[in-house]
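File shown: structure.cif. Contents: mmCIF, C-alpha atoms and all ligand atoms.
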data_data
#
loop_
_atom_site.label_atom_id
_atom_site.label_comp_id
_atom_site.auth_asym_id
_atom_site.auth_seq_id
_atom_site.Cartn_x
_atom_site.Cartn_y
_atom_site.Cartn_z
CA MET A 1 -4.26 2.37 29.20
CA ASN A 2 -7.83 1.20 29.57
CA GLN A 3 -7.83 -2.39 28.26
CA LYS A 4 -11.47 -2.01 27.20
CA ALA A 5 -10.10 -0.17 24.18
CA ILE A 6 -9.16 -3.64 22.87
CA ILE A 7 -12.87 -4.49 22.72
CA ASP A 8 -13.55 -1.26 20.81
CA MET A 9 -10.83 -2.12 18.29
CA ILE A 10 -12.29 -5.59 17.65
CA SER A 11 -15.82 -4.21 17.31
CA TYR A 12 -14.59 -1.50 14.93
CA TYR A 13 -13.05 -3.98 12.50
CA LYS A 14 -15.40 -6.95 12.90
CA ASN A 15 -12.72 -8.72 10.87
CA GLU A 16 -10.40 -11.43 12.18
CA HIS A 17 -7.44 -10.56 9.97
CA TRP A 18 -7.35 -6.90 10.97
CA ALA A 19 -8.01 -7.69 14.63
CA ALA A 20 -5.25 -10.33 14.69
CA HIS A 21 -2.83 -8.02 12.86
CA THR A 22 -3.55 -5.28 15.37
CA LEU A 23 -3.14 -7.53 18.40
CA LYS A 24 0.28 -8.63 17.14
CA VAL A 25 1.41 -5.06 16.50
CA PHE A 26 -0.01 -3.98 19.87
CA GLY A 27 1.89 -6.77 21.66
CA TYR A 28 5.19 -6.05 19.92
CA ALA A 29 4.80 -2.33 20.60
CA GLN A 30 4.27 -3.03 24.30
CA GLY A 31 7.28 -5.33 24.36
CA ILE A 32 9.52 -2.81 22.61
CA ALA A 33 8.30 0.00 24.87
CA ALA A 34 9.05 -2.13 27.95
CA GLY A 35 12.50 -3.02 26.65
CA GLU A 36 13.27 0.63 26.00
CA ASP A 37 12.07 1.54 29.54
CA ILE A 38 9.27 3.71 28.16
CA THR A 39 6.71 4.48 30.85
CA GLY A 40 3.92 6.87 31.76
CA LYS A 41 2.17 8.96 29.13
CA GLU A 42 4.61 8.01 26.38
CA LYS A 43 3.86 4.32 26.96
CA GLU A 44 0.13 4.98 26.96
CA ILE A 45 0.34 7.01 23.75
CA ILE A 46 2.20 4.14 22.06
CA GLU A 47 -0.35 1.61 23.28
CA TYR A 48 -3.38 3.52 21.98
CA ALA A 49 -1.61 4.37 18.72
CA ALA A 50 -0.66 0.72 18.15
CA LEU A 51 -4.18 -0.43 18.95
CA PHE A 52 -5.76 2.03 16.53
CA HIS A 53 -2.92 2.38 13.99
CA ASP A 54 -4.80 0.87 11.05
CA VAL A 55 -8.30 2.27 11.63
CA GLY A 56 -7.92 4.28 8.43
CA ILE A 57 -7.90 1.11 6.31
CA PRO A 58 -11.67 0.38 6.32
CA ALA A 59 -12.35 4.12 5.98
CA GLY A 60 -9.94 4.38 3.05
CA ILE A 61 -11.53 1.44 1.28
CA ALA A 62 -15.04 2.80 1.89
CA GLU A 63 -14.32 6.44 0.97
CA CYS A 64 -11.51 6.22 -1.59
CA GLY A 65 -11.51 2.60 -2.73
CA SER A 66 -7.92 2.36 -1.46
CA SER A 67 -6.00 1.58 1.71
CA ALA A 68 -2.77 3.14 0.39
CA GLY A 69 -0.47 4.46 3.12
CA PRO A 70 -1.13 8.20 2.74
CA ILE A 71 -4.92 7.67 2.58
CA GLN A 72 -5.08 5.51 5.67
CA GLU A 73 -2.78 7.89 7.54
CA ARG A 74 -5.00 10.89 6.72
CA LEU A 75 -8.32 9.19 7.41
CA GLY A 76 -7.06 7.13 10.35
CA ALA A 77 -5.70 9.93 12.54
CA PRO A 78 -9.05 11.56 13.45
CA ILE A 79 -10.76 8.18 13.90
CA ALA A 80 -8.00 7.02 16.24
CA MET A 81 -8.25 10.25 18.24
CA GLU A 82 -12.00 9.82 18.58
CA MET A 83 -11.66 6.18 19.65
CA ALA A 84 -8.87 6.92 22.14
CA GLY A 85 -10.80 9.97 23.34
CA LYS A 86 -13.28 7.67 25.05
CA TYR A 87 -10.52 6.90 27.57
CA VAL A 88 -7.99 9.76 27.29
CA ASP A 89 -8.92 13.31 28.32
CA ASP A 90 -5.43 14.80 27.93
CA GLU A 91 -5.59 16.81 24.71
CA ALA A 92 -1.83 16.72 24.09
CA MET A 93 -1.83 12.92 24.41
CA LEU A 94 -4.73 12.62 21.97
CA GLU A 95 -2.94 14.89 19.49
CA ARG A 96 0.15 12.70 19.72
CA ILE A 97 -1.90 9.51 19.24
CA GLY A 98 -3.42 11.08 16.12
CA TYR A 99 0.02 12.15 14.93
CA LEU A 100 1.46 8.64 15.32
CA VAL A 101 -1.44 7.01 13.47
CA GLY A 102 -1.23 9.76 10.85
CA HIS A 103 2.48 9.07 10.23
CA HIS A 104 2.86 5.35 10.81
CA HIS A 105 3.90 4.77 7.19
CA SER A 106 6.10 7.88 7.01
CA PHE A 107 9.35 5.99 7.45
CA GLN A 108 11.47 8.95 6.39
CA ILE A 109 10.80 10.50 9.81
CA LYS A 110 13.71 9.71 12.11
CA GLY A 111 14.43 10.37 15.75
CA GLU A 112 10.91 10.27 17.22
CA ARG A 113 11.01 7.41 19.70
CA ASP A 114 7.26 6.77 20.05
CA LEU A 115 6.75 6.74 16.27
CA GLN A 116 9.82 4.53 15.88
CA VAL A 117 8.35 1.92 18.24
CA LEU A 118 5.18 1.85 16.12
CA PHE A 119 7.19 1.53 12.87
CA GLU A 120 9.14 -1.41 14.27
CA ALA A 121 6.13 -3.24 15.74
CA ASP A 122 4.22 -2.91 12.44
CA TRP A 123 7.22 -4.07 10.35
CA LEU A 124 7.71 -7.14 12.53
CA VAL A 125 4.19 -8.19 11.60
CA ASN A 126 4.03 -6.89 8.02
CA LEU A 127 7.19 -8.68 6.91
CA VAL A 128 5.58 -11.98 7.89
CA GLU A 129 2.02 -11.22 6.76
CA GLY A 130 3.24 -9.83 3.45
CA ASN A 131 5.48 -12.84 2.90
CA ASN A 132 8.44 -10.47 2.62
CA LEU A 133 11.00 -12.21 4.80
CA ASP A 134 13.55 -11.85 2.01
CA ARG A 135 13.46 -8.12 2.86
CA ALA A 136 13.98 -8.64 6.59
CA GLN A 137 17.72 -7.87 6.62
CA GLU A 138 17.30 -4.75 4.47
CA THR A 139 14.44 -3.56 6.70
CA TYR A 140 16.53 -4.25 9.79
CA ASP A 141 19.38 -2.16 8.42
CA LYS A 142 17.25 0.74 7.12
CA ILE A 143 14.35 1.03 9.56
CA PHE A 144 15.15 -0.51 12.93
CA VAL A 145 16.70 1.69 15.62
CA THR A 146 15.66 0.54 19.10
CA GLU A 147 17.74 -2.16 20.77
CA THR A 148 14.59 -4.12 21.67
CA GLY A 149 13.06 -3.94 18.20
CA LYS A 150 16.38 -5.03 16.69
CA LYS A 151 16.59 -7.90 19.16
CA PHE A 152 13.07 -9.07 18.22
CA MET A 153 14.03 -8.94 14.54
CA ARG A 154 17.22 -10.93 15.10
CA GLU A 155 15.53 -13.53 17.28
CA LEU A 156 12.33 -13.94 15.27
CA LEU A 157 13.00 -13.15 11.62
CA LEU A 158 16.75 -13.18 11.09
CA ASN A 159 17.54 -16.31 13.16
CA LYS A 160 20.58 -14.82 14.86
FE FE A 201 -0.41 -2.33 10.60
#

Kindly return the structure encoded in the file as structure tokens.
Amino acid sequence: MNQKAIIDMISYYKNEHWAAHTLKVFGYAQGIAAGEDITGKEKEIIEYAALFHDVGIPAGIAECGSSAGPIQERLGAPIAMEMAGKYVDDEAMLERIGYLVGHHHSFQIKGERDLQVLFEADWLVNLVEGNNLDRAQETYDKIFVTETGKKFMRELLLNK
């Protein structure tokens, strides 16, 4: 990926909390992708999707007065595609980036590896930021699939 997209993300939010949240999710997503031996276009799709996964939050607040999951998914997907489109000219990749951002709270979807990496990276951060560590074991059991994401959960949040 083009690392300058990180600068675009920070300038889009102009907000330390959202930028810091994103950088954590982005880092975990890269770590999980590496651990799962994900390379090439799939890796790049995950990176851009992680970097722009929450861009629908400011839009949701501005347009709908809400950052609820379905709103930010719907509004975020086209914004993420436009932002990634500055660096990605492969239409299928852009569509997939938009799809991941547009479904990153749709936890009922199973078996899509790139989306799964994004779910897991976001949960690793949201459990801590939302002060929900009492739900870490349940989340581990219900949501986590990849060996690397599960390892991060065990080592960071479950202390085993
Ligand atoms: Fe997030």

Atom CA of A:Asp141 to atom CA of A:Phe52: how many Å, to one decimal? 26.7 Å

Could you list the protein, DNA and RNA residues that have any atom within 9 Å of ligand FE 201 (chain A), counting only C-alpha atoms and all ligand atoms, and write them as a PyMOL selection string? chain A and resi 18+21-22+25+50+53-54+104-105+118-119+121-123+125-126

Length of the atom CA of A:Asn2 to atom CA of A:Val88 vector [Å]: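 Atom CA of A:Val88 lies at a distance of 8.9 Å from atom CA of A:Asn2.
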
Would you mind reading off the distance between atom CA of A:Lys4 and atom CA of A:Tyr87, one decimal, in Å?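 Between atom CA of A:Lys4 and atom CA of A:Tyr87 the gap works out to 9.0 Å.
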
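With distances taken over only C-alpha atoms, A:Ile32 is the one residue among A:Cys64, A:Ala84, A:Leu127, A:Ile32 lying closest to A:Glu147.
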
Smallest atom-to-atom distance to A:Leu51: which of A:Asp114, A:Glu73, A:Asp8, A:Glu36, using only C-alpha atoms?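 Result for the nearest residue to A:Leu51: A:Asp8.
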
Please provide as an NGL selection string all residues within 12 Å of A:Glu112, with the sequence filter that same-chain residues fewer than 6 positions apart are discarded (counting only C-alpha atoms). :A and (42 or 46 or 96 or 99-100 or 103-104 or 106 or 118-119 or 145-146)

When distances are computed from all atoms listed in the file, which of A:Ala49, A:Ile71, A:Val117, A:Met83 shows the smallest separation from A:Ile7?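 Looking at the shortest contact to A:Ile7, the residue is A:Met83.
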
Using all atoms listed in the file, which of A:Ala19, A:Val55, A:Leu115, A:Phe107 sits nearest A:Lys43? A:Leu115

Nearest residue to A:Tyr13 out of A:Gly102, A:Gly56, A:Leu156, A:Lys142, using all atoms listed in the file?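 Counting all atoms listed in the file, the residue closest to A:Tyr13 is A:Gly56.
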
I need the residue nearest A:Gln30 from this list: A:Ser67, A:Glu120, A:Glu16, A:Met93. Use only C-alpha atoms for the distance.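 Counting only C-alpha atoms, the residue closest to A:Gln30 is A:Glu120.
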